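Peer 1: model20.cif (mmCIF, C-alpha atoms) pasted underneath:
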data_start
loop_
_atom_site.label_atom_id
_atom_site.label_comp_id
_atom_site.auth_asym_id
_atom_site.auth_seq_id
_atom_site.Cartn_x
_atom_site.Cartn_y
_atom_site.Cartn_z
CA MET Z 1460 0.00 0.00 0.00
CA LYS Z 1461 2.82 2.32 0.88
CA GLU Z 1462 4.43 1.85 -2.52
CA ASP Z 1463 1.14 2.56 -4.22
CA VAL Z 1464 0.64 5.76 -2.26
CA SER Z 1465 4.11 7.00 -3.04
CA ALA Z 1466 3.15 7.23 -6.69
CA PHE Z 1467 0.61 9.96 -5.88
CA VAL Z 1468 2.81 12.27 -3.89
CA PRO Z 1469 3.63 15.07 -3.95
CA LEU Z 1470 0.16 16.44 -4.47
CA SER Z 1471 -0.58 19.71 -6.12
CA THR Z 1472 -1.73 22.54 -3.93
CA ALA Z 1473 -5.29 22.31 -5.18
CA ALA Z 1474 -5.44 18.54 -4.76
CA LEU Z 1475 -4.02 18.80 -1.26
CA HIS Z 1476 -6.59 21.37 -0.21
CA ILE Z 1477 -9.44 19.43 -1.76
CA LEU Z 1478 -8.45 16.25 0.04
CA LEU Z 1479 -8.07 18.20 3.24
CA SER Z 1480 -11.52 19.67 2.88
CA LEU Z 1481 -12.98 16.20 2.34
CA ALA Z 1482 -11.10 14.66 5.24
CA GLY Z 1483 -13.75 15.57 7.78
CA GLU Z 1484 -16.98 15.01 5.87
CA ASP Z 1485 -18.53 14.73 2.46
CA ARG Z 1486 -18.93 18.06 0.73
CA HIS Z 1487 -20.34 19.41 -2.48
CA GLY Z 1488 -18.31 21.58 -4.82
CA TYR Z 1489 -19.27 24.92 -3.38
CA GLY Z 1490 -18.73 23.55 0.13
CA ILE Z 1491 -15.22 22.47 -0.88
CA MET Z 1492 -14.50 25.97 -2.16
CA LEU Z 1493 -15.66 27.52 1.09
CA GLU Z 1494 -13.72 25.01 3.21
CA VAL Z 1495 -10.52 25.58 1.27
CA ALA Z 1496 -10.87 29.32 1.74
CA ARG Z 1497 -11.47 28.80 5.44
CA GLN Z 1498 -8.51 26.45 5.91
CA SER Z 1499 -6.14 28.81 4.16
CA GLU Z 1500 -7.63 31.82 5.90
CA GLY Z 1501 -8.59 33.28 2.54
CA GLN Z 1502 -5.12 33.03 1.10
CA TYR Z 1503 -5.99 30.30 -1.37
CA LYS Z 1504 -9.25 30.42 -3.31
CA LEU Z 1505 -10.33 27.80 -5.76
CA GLY Z 1506 -12.36 28.68 -8.80
CA PRO Z 1507 -14.92 26.23 -10.14
CA GLY Z 1508 -12.75 25.44 -13.15
CA THR Z 1509 -9.73 24.55 -11.06
CA LEU Z 1510 -11.87 22.74 -8.49
CA TYR Z 1511 -13.58 20.41 -10.92
CA ASP Z 1512 -10.48 19.87 -13.01
CA ASN Z 1513 -8.72 18.56 -9.91
CA LEU Z 1514 -11.79 16.69 -8.74
CA GLN Z 1515 -11.90 14.94 -12.10
CA LYS Z 1516 -8.30 13.85 -11.72
CA LEU Z 1517 -8.84 12.70 -8.14
CA ILE Z 1518 -11.88 10.70 -9.21
CA ASP Z 1519 -9.97 9.13 -12.09
CA ARG Z 1520 -7.22 8.10 -9.66
CA GLN Z 1521 -9.88 6.75 -7.30
CA LEU Z 1522 -8.84 9.01 -4.47
CA VAL Z 1523 -12.29 10.59 -4.37
CA GLN Z 1524 -15.69 9.35 -5.37
CA SER Z 1525 -18.95 11.05 -6.11
CA VAL Z 1526 -21.75 10.01 -3.80
CA GLY Z 1527 -24.49 11.78 -5.69
CA ARG Z 1528 -27.16 14.03 -4.37
CA ARG Z 1529 -28.66 14.06 -0.96
CA ALA Z 1530 -32.35 13.86 -0.31
CA GLY Z 1531 -33.87 17.06 0.95
CA GLU Z 1532 -31.08 19.19 -0.53
CA GLU Z 1533 -32.21 22.72 -1.29
CA ASP Z 1534 -30.53 22.75 -4.68
CA PRO Z 1535 -30.77 19.54 -6.69
CA ARG Z 1536 -27.67 20.50 -8.68
CA ARG Z 1537 -25.44 19.87 -5.69
CA ARG Z 1538 -23.47 16.66 -5.80
CA TYR Z 1539 -21.40 15.43 -2.91
CA TYR Z 1540 -17.92 14.01 -2.95
CA ARG Z 1541 -16.28 11.63 -0.53
CA MET Z 1542 -12.65 10.78 0.02
CA ASN Z 1543 -11.78 7.12 -0.55
CA PRO Z 1544 -9.47 5.14 1.76
CA LEU Z 1545 -6.81 5.45 -0.90
CA GLY Z 1546 -7.26 9.18 -0.87
CA ARG Z 1547 -6.95 9.24 2.87
CA ALA Z 1548 -3.75 7.23 2.68
CA VAL Z 1549 -2.38 9.54 0.02
CA LEU Z 1550 -3.28 12.55 2.12
CA SER Z 1551 -1.53 10.99 5.10
CA ALA Z 1552 1.55 10.34 3.02
CA GLU Z 1553 1.50 13.89 1.74
CA VAL Z 1554 1.16 15.26 5.25
CA GLU Z 1555 4.11 13.15 6.38
CA ARG Z 1556 6.13 14.47 3.49
CA LEU Z 1557 5.16 18.01 4.35
CA GLU Z 1558 6.06 17.39 7.99
CA GLY Z 1559 9.51 16.36 6.87
CA VAL Z 1560 9.74 19.47 4.75
CA VAL Z 1561 8.67 21.63 7.65
CA ARG Z 1562 11.09 19.92 9.97
CA GLU Z 1563 13.94 20.45 7.60
CA ALA Z 1564 12.90 24.03 7.05
CA LYS Z 1565 12.82 24.70 10.78
CA MET Z 1566 16.27 23.21 11.20
CA HIS Z 1567 17.74 25.35 8.50
CA LEU Z 1568 15.87 28.46 9.37
CA GLN Z 1569 16.86 28.46 13.07
CA PRO Z 1570 19.29 31.25 13.94
CA SER Z 1571 22.83 29.83 13.96
CA ARG Z 1572 24.51 29.69 17.41
CA PRO Z 1573 28.01 31.11 17.71
CA ARG Z 1574 30.63 28.36 17.96
CA ARG Z 1575 32.83 28.07 21.04
CA ALA Z 1576 36.46 28.93 20.51
CA MET H 975 -25.36 38.84 -19.31
CA LEU H 976 -22.27 37.41 -17.62
CA ARG H 977 -24.26 34.40 -16.58
CA GLY H 978 -25.20 33.77 -20.19
CA ALA H 979 -21.56 33.98 -21.18
CA TYR H 980 -20.67 31.61 -18.38
CA VAL H 981 -23.32 29.16 -19.52
CA TRP H 982 -21.85 29.17 -23.01
CA ILE H 983 -18.35 28.73 -21.66
CA VAL H 984 -19.48 25.74 -19.65
CA ARG H 985 -21.22 24.28 -22.69
CA LEU H 986 -18.03 24.55 -24.71
CA HIS H 987 -16.18 22.23 -22.35
CA PRO H 988 -15.55 18.65 -23.43
CA ARG H 989 -18.62 16.52 -23.22
CA ARG H 990 -17.42 14.27 -20.44
CA PHE H 991 -16.41 17.20 -18.25
CA ARG H 992 -19.60 19.06 -19.11
CA GLU H 993 -21.86 16.18 -18.23
CA SER H 994 -20.08 15.67 -14.93
CA PHE H 995 -19.75 19.20 -13.64
CA ALA H 996 -21.76 21.69 -15.70
CA ASP H 997 -24.71 21.83 -13.30
CA GLU H 998 -22.44 22.24 -10.31
CA MET H 999 -20.42 24.99 -11.96
CA LEU H 1000 -23.61 26.90 -12.69
CA HIS H 1001 -24.76 26.27 -9.12
CA ILE H 1002 -21.53 27.73 -7.81
CA PHE H 1003 -21.89 30.71 -10.15
CA ASP H 1004 -25.35 31.41 -8.74
CA GLN H 1005 -24.16 30.96 -5.16
CA VAL H 1006 -21.18 33.25 -5.59
CA ALA H 1007 -23.26 35.88 -7.36
CA VAL H 1008 -25.79 35.93 -4.52
CA GLY H 1009 -23.33 35.83 -1.67
CA SER H 1010 -20.92 38.44 -2.96
CA LEU H 1011 -21.13 42.14 -2.31
CA SER H 1012 -19.75 43.16 -5.68
CA THR H 1013 -21.71 40.84 -7.87
CA THR H 1014 -20.28 41.99 -11.18
CA VAL H 1015 -16.67 41.58 -10.09
CA ALA H 1016 -17.35 38.12 -8.70
CA GLU H 1017 -19.14 37.05 -11.85
CA ALA H 1018 -16.33 38.42 -14.02
CA LYS H 1019 -13.81 36.40 -12.01
CA LEU H 1020 -15.88 33.28 -12.51
CA VAL H 1021 -16.11 33.94 -16.25
CA GLY H 1022 -12.34 34.30 -16.39
CA ASP H 1023 -11.94 31.09 -14.40
CA GLY H 1024 -14.29 29.37 -16.84
CA ILE H 1025 -12.25 30.53 -19.83
CA VAL H 1026 -9.04 29.25 -18.23
CA SER H 1027 -10.75 25.97 -17.47
CA LEU H 1028 -12.02 25.73 -21.05
CA VAL H 1029 -8.54 26.17 -22.48
CA ARG H 1030 -7.09 23.75 -19.96
CA GLN H 1031 -9.61 21.04 -20.68
CA TRP H 1032 -9.18 21.18 -24.43
CA ALA H 1033 -5.43 21.72 -24.45
CA LEU H 1034 -4.13 19.72 -21.50
CA ARG H 1035 -6.73 17.06 -20.78
CA PRO H 1036 -6.89 14.69 -23.71
CA GLU H 1037 -8.22 11.94 -21.49
CA VAL H 1038 -11.32 14.01 -20.76
CA GLN H 1039 -11.98 14.63 -24.44
CA ARG H 1040 -12.21 10.94 -25.24
CA GLU H 1041 -15.72 9.69 -25.26
CA PRO H 1042 -16.41 6.67 -23.14
CA ALA H 1043 -16.12 3.59 -25.25
CA ALA H 1044 -19.33 2.08 -26.43
CA THR H 1045 -20.32 -0.95 -24.51
CA ALA H 1046 -19.60 -3.78 -26.80
CA THR H 1047 -20.92 -7.15 -26.13
CA THR H 1048 -19.11 -10.00 -27.73
CA PRO H 1049 -21.12 -13.08 -28.30
CA PRO H 1050 -19.38 -16.28 -27.45
CA VAL H 1051 -17.21 -17.60 -30.21
CA ALA H 1052 -18.23 -21.00 -31.38
CA ASP H 1053 -16.01 -23.21 -33.45
CA GLY H 1054 -13.54 -20.43 -34.06
CA VAL H 1055 -16.01 -18.37 -36.04
CA PRO H 1056 -15.73 -14.72 -35.05
CA GLY H 1057 -18.85 -13.24 -33.64
CA PHE H 1058 -20.39 -9.85 -34.29
CA TYR H 1059 -20.02 -6.86 -32.05
CA THR H 1060 -23.16 -5.04 -31.14
CA PHE H 1061 -22.87 -1.51 -29.92
CA GLY H 1062 -25.13 0.01 -27.43
CA SER H 1063 -28.28 1.50 -28.89
CA PHE H 1064 -27.59 5.04 -29.96
CA LYS H 1065 -30.43 7.46 -29.71
CA PRO H 1066 -29.77 11.05 -30.73
CA ARG H 1067 -31.13 13.81 -28.63
CA ALA H 1068 -34.39 15.40 -29.67
CA THR H 1069 -32.88 18.87 -29.59
CA ALA H 1070 -30.08 17.75 -31.90
CA LEU H 1071 -32.62 16.37 -34.34
CA ALA H 1072 -34.60 19.62 -34.25
CA HIS H 1073 -31.50 21.71 -34.82
CA GLY H 1074 -30.44 19.51 -37.70
CA LEU H 1075 -33.89 19.73 -39.28
CA VAL H 1076 -33.99 23.52 -39.06
CA LEU H 1077 -30.48 23.82 -40.44
CA SER H 1078 -31.21 21.49 -43.33
CA VAL H 1079 -34.36 23.37 -44.30
CA ALA H 1080 -32.52 26.68 -44.14
CA VAL H 1081 -29.69 25.44 -46.36
CA LEU H 1082 -32.19 23.94 -48.81
CA CYS H 1083 -34.16 27.19 -49.05
CA ALA H 1084 -30.98 29.21 -49.54
CA THR H 1085 -29.89 26.87 -52.32
CA PHE H 1086 -33.19 27.15 -54.15
CA LEU H 1087 -33.22 30.93 -53.80
CA ALA H 1088 -29.69 31.13 -55.20
CA MET H 1089 -30.63 28.89 -58.11
CA ARG H 1090 -33.70 30.95 -58.88
CA TYR H 1091 -31.74 34.19 -58.69
CA SER H 1092 -28.99 32.92 -60.97
CA TRP H 1093 -31.58 31.54 -63.38
CA ASN H 1094 -33.16 34.94 -63.88
CA ARG H 1095 -30.10 37.13 -63.73
CA ALA H 1096 -26.85 36.50 -65.47
CA VAL H 1097 -23.70 37.70 -63.86
CA GLN H 1098 -22.08 40.40 -65.95
CA LEU H 1099 -18.45 40.94 -65.25
CA PRO H 1100 -17.01 44.31 -66.23
CA PHE H 1101 -14.32 44.22 -68.85
CA PRO H 1102 -11.18 45.81 -67.45
CA VAL H 1103 -9.88 48.84 -69.30
CA VAL H 1104 -6.14 49.17 -68.99
CA ASP H 1105 -3.90 51.85 -70.34
CA ARG H 1106 -1.07 50.21 -72.20
CA GLY H 1107 1.67 51.27 -74.48
CA GLU H 1108 1.67 50.53 -78.15
CA ASN H 1109 4.21 47.76 -77.81
CA ALA H 1110 2.78 46.24 -74.67
CA SER H 1111 2.25 42.54 -74.84
CA SER H 1112 -1.29 41.29 -74.66
CA PRO H 1113 -2.28 39.11 -71.73
CA GLU H 1114 -4.24 35.96 -72.20
CA TRP H 1115 -7.57 37.43 -71.17
CA GLU H 1116 -7.28 40.00 -73.93
CA THR H 1117 -6.14 37.61 -76.59
CA ALA H 1118 -9.08 35.39 -75.76
CA ILE H 1119 -11.39 38.14 -77.04
CA ILE H 1120 -9.18 39.96 -79.50
CA PRO H 1121 -6.81 37.49 -81.08
CA SER H 1122 -3.33 38.60 -81.86
CA VAL H 1123 -1.75 38.88 -85.26
CA ALA H 1124 -3.10 36.35 -87.67
CA ALA H 1125 -0.90 33.89 -89.46
CA PRO H 1126 0.21 35.14 -92.87
CA ASP H 1127 -0.95 32.04 -94.70
CA GLN H 1128 -4.53 32.78 -93.72
CA HIS H 1129 -4.75 35.32 -96.52
CA ALA H 1130 -3.21 33.31 -99.30
CA THR H 1131 -6.17 33.98 -101.56
CA GLN H 1132 -6.19 37.72 -101.17
CA LEU H 1133 -5.13 40.07 -103.90
CA PRO H 1134 -2.16 42.46 -103.80
CA ALA H 1135 -2.77 45.26 -101.36
CA GLY H 1136 -0.99 48.04 -103.14
CA ASP H 1137 1.32 50.56 -101.53
CA GLY H 1138 0.58 50.07 -97.84
CA ARG H 1139 3.74 51.63 -96.48
CA ALA H 1140 2.82 55.17 -97.43
CA VAL H 1141 -0.63 54.66 -95.97
CA GLU H 1142 0.79 53.40 -92.70
CA ARG H 1143 3.17 56.32 -92.41
CA ALA H 1144 0.32 58.70 -93.01
CA ALA H 1145 -1.79 57.00 -90.42
CA ARG H 1146 0.90 57.03 -87.80
CA SER H 1147 1.40 60.72 -88.36
CA ASN H 1148 -2.18 61.18 -87.25
CA PRO H 1149 -2.25 59.73 -83.73
CA SER H 1150 -5.72 61.07 -83.05
CA SER H 1151 -7.13 58.29 -85.12
CA VAL H 1152 -5.68 55.67 -82.76
CA PRO H 1153 -7.80 54.85 -79.71
CA ALA H 1154 -6.06 55.64 -76.47
CA ARG H 1155 -7.66 52.78 -74.58
CA SER H 1156 -8.28 49.24 -75.44
CA GLN H 1157 -11.91 48.36 -75.89
CA PRO H 1158 -13.22 44.90 -76.53
CA LEU H 1159 -14.58 44.27 -79.97
CA GLN H 1160 -17.79 42.40 -79.33
CA ILE H 1161 -18.93 40.51 -82.34
CA GLU H 1162 -22.62 39.72 -82.29
CA PRO H 1163 -23.33 37.03 -84.86
CA THR H 1164 -26.90 37.92 -85.69
CA LEU H 1165 -28.32 39.14 -88.93
CA PRO H 1166 -29.49 42.76 -88.97
CA ALA H 1167 -33.22 43.24 -88.95
CA THR H 1168 -33.09 46.34 -91.07
CA VAL H 1169 -30.29 47.86 -93.05
CA PRO H 1170 -30.24 51.51 -94.08
CA HIS H 1171 -29.26 52.88 -97.45
CA ARG H 1172 -31.51 50.67 -99.52
CA LYS H 1173 -30.33 51.03 -103.06
CA ARG H 1174 -30.14 49.06 -106.18
CA HIS H 1175 -28.56 45.63 -106.08
CA LYS H 1176 -26.16 44.81 -108.80
CA ASP H 1177 -23.45 42.21 -108.98
CA MET H 1178 -20.10 43.26 -110.17
CA GLN H 1179 -18.30 41.50 -112.93
CA ALA H 1180 -14.81 40.19 -112.94
CA ASN H 1181 -11.99 42.57 -113.60
CA SER H 1182 -9.90 42.51 -116.71
CA ASP H 1183 -6.93 40.50 -115.42
CA GLY H 1184 -9.21 37.83 -113.91
CA ARG H 1185 -7.59 37.72 -110.50
CA ALA H 1186 -10.88 38.17 -108.72
CA HIS H 1187 -14.54 38.44 -109.39
CA LEU H 1188 -15.88 41.06 -107.08
CA SER H 1189 -19.50 41.23 -106.21
CA ALA H 1190 -20.69 44.34 -104.44
CA VAL H 1191 -23.65 42.62 -102.77
CA PRO H 1192 -23.47 39.21 -101.15
CA SER H 1193 -26.50 37.07 -101.58
CA ALA H 1194 -27.13 36.77 -97.86
CA LEU H 1195 -27.39 40.51 -97.51
CA GLY H 1196 -28.95 41.21 -100.81
CA GLN H 1197 -32.47 40.37 -99.81
CA GLY H 1198 -34.37 43.58 -99.19
CA ILE H 1199 -31.28 45.71 -99.46
CA ASN H 1200 -30.41 48.11 -102.19
CA PRO H 1201 -26.75 48.85 -101.87
CA VAL H 1202 -24.72 51.18 -103.96
CA THR H 1203 -22.74 49.95 -106.90
CA LEU H 1204 -19.00 50.31 -106.70
CA SER H 1205 -16.49 49.68 -109.39
CA PRO H 1206 -14.21 46.65 -109.11
CA ARG H 1207 -11.24 48.97 -109.18
CA LEU H 1208 -12.48 50.87 -106.14
CA LEU H 1209 -13.21 47.66 -104.26
CA ARG H 1210 -9.76 46.31 -105.01
CA MET H 1211 -8.27 49.36 -103.38
CA TYR H 1212 -9.74 48.27 -100.07
CA ILE H 1213 -8.20 44.81 -100.15
CA GLY H 1214 -5.38 44.42 -97.67
CA ASP H 1215 -4.46 43.91 -94.04
CA TYR H 1216 -5.25 46.47 -91.41
CA ALA H 1217 -3.83 46.54 -87.94
CA ALA H 1218 -5.77 47.98 -85.04
CA LEU H 1219 -3.35 49.58 -82.63
CA LEU H 1220 -4.82 47.85 -79.63
CA PRO H 1221 -2.91 45.95 -76.98
CA GLY H 1222 -3.89 42.77 -78.72
CA HIS H 1223 -2.83 44.06 -82.16
CA LEU H 1224 -6.06 42.98 -83.78
CA THR H 1225 -5.55 42.24 -87.44
CA VAL H 1226 -8.39 42.95 -89.82
CA SER H 1227 -8.15 41.57 -93.32
CA VAL H 1228 -10.21 42.67 -96.28
CA VAL H 1229 -10.09 40.04 -98.96
CA ALA H 1230 -11.90 39.02 -102.08
CA GLU H 1231 -13.39 35.59 -101.97
CA ASP H 1232 -15.99 34.00 -104.16
CA GLY H 1233 -16.20 37.23 -106.05
CA ARG H 1234 -17.12 39.21 -102.98
CA LEU H 1235 -15.41 41.67 -100.73
CA GLN H 1236 -15.14 40.15 -97.30
CA ILE H 1237 -13.75 41.19 -93.97
CA GLU H 1238 -12.06 38.92 -91.51
CA PHE H 1239 -11.27 39.68 -87.91
CA ALA H 1240 -8.34 37.58 -86.81
CA GLY H 1241 -9.51 34.24 -85.51
CA GLN H 1242 -13.09 34.72 -86.64
CA PRO H 1243 -14.92 33.68 -89.76
CA ARG H 1244 -15.05 35.96 -92.72
CA ARG H 1245 -18.07 38.14 -93.25
CA SER H 1246 -19.30 39.61 -96.45
CA LEU H 1247 -19.28 43.37 -96.88
CA LEU H 1248 -22.22 45.30 -98.25
CA PRO H 1249 -21.37 48.73 -99.67
CA VAL H 1250 -23.75 51.46 -98.60
CA SER H 1251 -21.59 54.25 -99.99
CA GLU H 1252 -18.25 54.56 -101.71
CA THR H 1253 -16.43 54.26 -98.41
CA LYS H 1254 -18.94 52.71 -96.00
CA PHE H 1255 -19.83 49.05 -95.75
CA LEU H 1256 -21.99 46.82 -93.60
CA ALA H 1257 -20.72 43.46 -92.39
CA GLU H 1258 -22.84 40.38 -92.59
CA GLY H 1259 -24.07 39.18 -89.22
CA LEU H 1260 -22.92 42.26 -87.33
CA PRO H 1261 -25.83 44.56 -86.63
CA ASP H 1262 -25.00 48.21 -86.07
CA CYS H 1263 -21.51 47.55 -87.36
CA GLU H 1264 -20.36 50.00 -89.96
CA ILE H 1265 -16.98 49.88 -91.62
CA GLU H 1266 -15.64 52.97 -93.24
CA PHE H 1267 -12.49 53.21 -95.31
CA GLN H 1268 -10.53 56.46 -95.12
CA THR H 1269 -8.24 57.55 -97.92
CA ASN H 1270 -5.34 59.89 -98.34
CA PRO H 1271 -5.53 62.95 -100.60
CA ASP H 1272 -3.76 60.97 -103.29
CA GLY H 1273 -6.52 58.40 -103.22
CA THR H 1274 -4.71 55.58 -101.42
CA VAL H 1275 -6.48 53.84 -98.56
CA ARG H 1276 -5.10 54.95 -95.22
CA GLN H 1277 -7.17 53.05 -92.67
CA LEU H 1278 -10.55 51.63 -91.89
CA GLU H 1279 -12.75 52.46 -88.97
CA ILE H 1280 -15.10 50.00 -87.35
CA ASP H 1281 -18.09 51.52 -85.64
CA GLN H 1282 -20.23 49.15 -83.68
CA GLY H 1283 -22.71 50.48 -81.19
CA GLY H 1284 -20.76 53.68 -80.64
CA GLN H 1285 -17.45 51.91 -80.22
CA ARG H 1286 -14.93 53.02 -82.80
CA ILE H 1287 -11.80 51.15 -83.62
CA SER H 1288 -9.30 52.38 -86.15
CA ALA H 1289 -7.10 49.96 -88.05
CA VAL H 1290 -4.17 51.21 -90.10
CA ARG H 1291 -3.40 49.55 -93.34
CA HIS H 1292 -0.14 47.63 -93.56
#
Show me this structure written as structure tokens.
Peer 2:
Amino acid sequence: MKEDVSAFVPLSTAALHILLSLAGEDRHGYGIMLEVARQSEGQYKLGPGTLYDNLQKLIDRQLVQSVGRRAGEEDPRRRYYRMNPLGRAVLSAEVERLEGVVREAKMHLQPSRPRRA
Amino acid sequence: MLRGAYVWIVRLHPRRFRESFADEMLHIFDQVAVGSLSTTVAEAKLVGDGIVSLVRQWALRPEVQREPAATATTPPVADGVPGFYTFGSFKPRATALAHGLVLSVAVLCATFLAMRYSWNRAVQLPFPVVDRGENASSPEWETAIIPSVAAPDQHATQLPAGDGRAVERAARSNPSSVPARSQPLQIEPTLPATVPHRKRHKDMQANSDGRAHLSAVPSALGQGINPVTLSPRLLRMYIGDYAALLPGHLTVSVVAEDGRLQIEFAGQPRRSLLPVSETKFLAEGLPDCEIEFQTNPDGTVRQLEIDQGGQRISAVRH
């Protein structure tokens, strides 16, 4: 499984944010856009074109699946998306990779201590 | 307005992408337009995003452009004989059929209208008038109407033309007689309904040396026409080659054939000449075409002028 997941990382920024937004619950497209904006504190905004282009790729790679429409939804055009176990594994692998990147960045960005004579 | 543009942009996406996400993209457009303070700016951003997505889908996503393969069912192969593939039942959309029907009817009506219009009205292309020098070569489109210099053996039966050099020099000294612009000589091969100058018809007898038997009135023109009578000596003076100083260098030959004075435009059949005065003639089959010979003071023929429907062409004798 680990070898399979390694083929998907690193993820693009959009794919990472989409998977992150779907990590907690199923969401429709507009909900994903709002969640991504919330997670990034408004610094990263997805447009519908970018969102569905990446969703299409994630669906093709079987990281995400469409679960259709929900009964009682106010707008019948809304369709919900759910992250697959493979997508969750890929997201975990990406987060681990990013943790390593952050760790390395922190090490190199710490102010250098003066050496003892 | 922007929503309409966005709808069209979404429709222009590849079919697979459009069928999967078009409704949701329009839903998001409506949600963003309602929830935003500056609606126009938000809608413009979405339209721009849609255009980028459109380019991306067509340029960078070939896998999305491929239609899903038709579900083929292969019947079991028995005894090595290949079976037949049956594709899923294809049923075109009703809207596509309606659009196709309307388009077909429109094209059919336009075709019939064009045919009817062209049937009633012929297209008349203007003949280009080009200023050219005397020695300019004639292009093909001019030579197709006004042939160039005729071959010398075409006039093997004609009689001696007399002293043409003096006539030509005299003609060239009078440049006003040469048309400045080239005009097409349109030959209309129809017999004239009426011919003026009705005078007495009388055939001319052969001259003394027997080289030609000149008849002043051809039989085809003689019916109902009373032309003037000219002497064989006068008619022989007109025999010769004349060159119209046109870009195509039209050669006009006046010959005696079958005892008649005839005129021949290069590349065209000869036509009999009917004298209506000592210097003016009518050509057979050319209505409103009058040919007048002009002479020098010493009596030699200088040139002939062709007047057809107001168009005058001068041809200098060789």
Peer 1: Could you tell me, as a list in words, exactly which residues end up selected when the PyMOL selection byres ((chain Z) within 10 of (chain H)) is applied to this structure?
Peer 2: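 On the file shown, the PyMOL selection byres ((chain Z) within 10 of (chain H)) covers His1487, Gly1488, Tyr1489, Gly1490, Met1492, Leu1505, Gly1506, Pro1507, Gly1508, Thr1509, Leu1510, Tyr1511, Asp1512, Leu1514, Gln1515, Lys1516, Asp1519, Asp1534, Pro1535, Arg1536, Arg1537 and Arg1538 of chain Z.
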Peer 1: For the atom pair CA of Glu1238 in chain H and CA of Thr1203 in chain H, what is the interatomic distance in Å to one decimal place?
Peer 2: 21.7 Å
Peer 1: Calculate how many Å separate CA of Leu1522 in chain Z from CA of Val981 in chain H, rounding to one decimal.
Peer 2: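 Value for the CA of Leu1522 in chain Z-CA of Val981 in chain H distance: 29.0 Å.
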Peer 1: Could you give me, as a ChimeraX atom specification, the residues within 8 Å of range 1545-1562 of chain Z, counting only C-alpha atoms and dropping anything in the same chain fewer than 5 positions from it?
Peer 2: /Z:1464-1465,1467-1470,1475,1478-1479,1482,1521-1523
Peer 1: What is the distance, in Å and to one decimal place, between CA of Arg1291 in chain H and CA of Ile1213 in chain H?
Peer 2: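 Computed distance, CA of Arg1291 in chain H to CA of Ile1213 in chain H, equals 9.6 Å.
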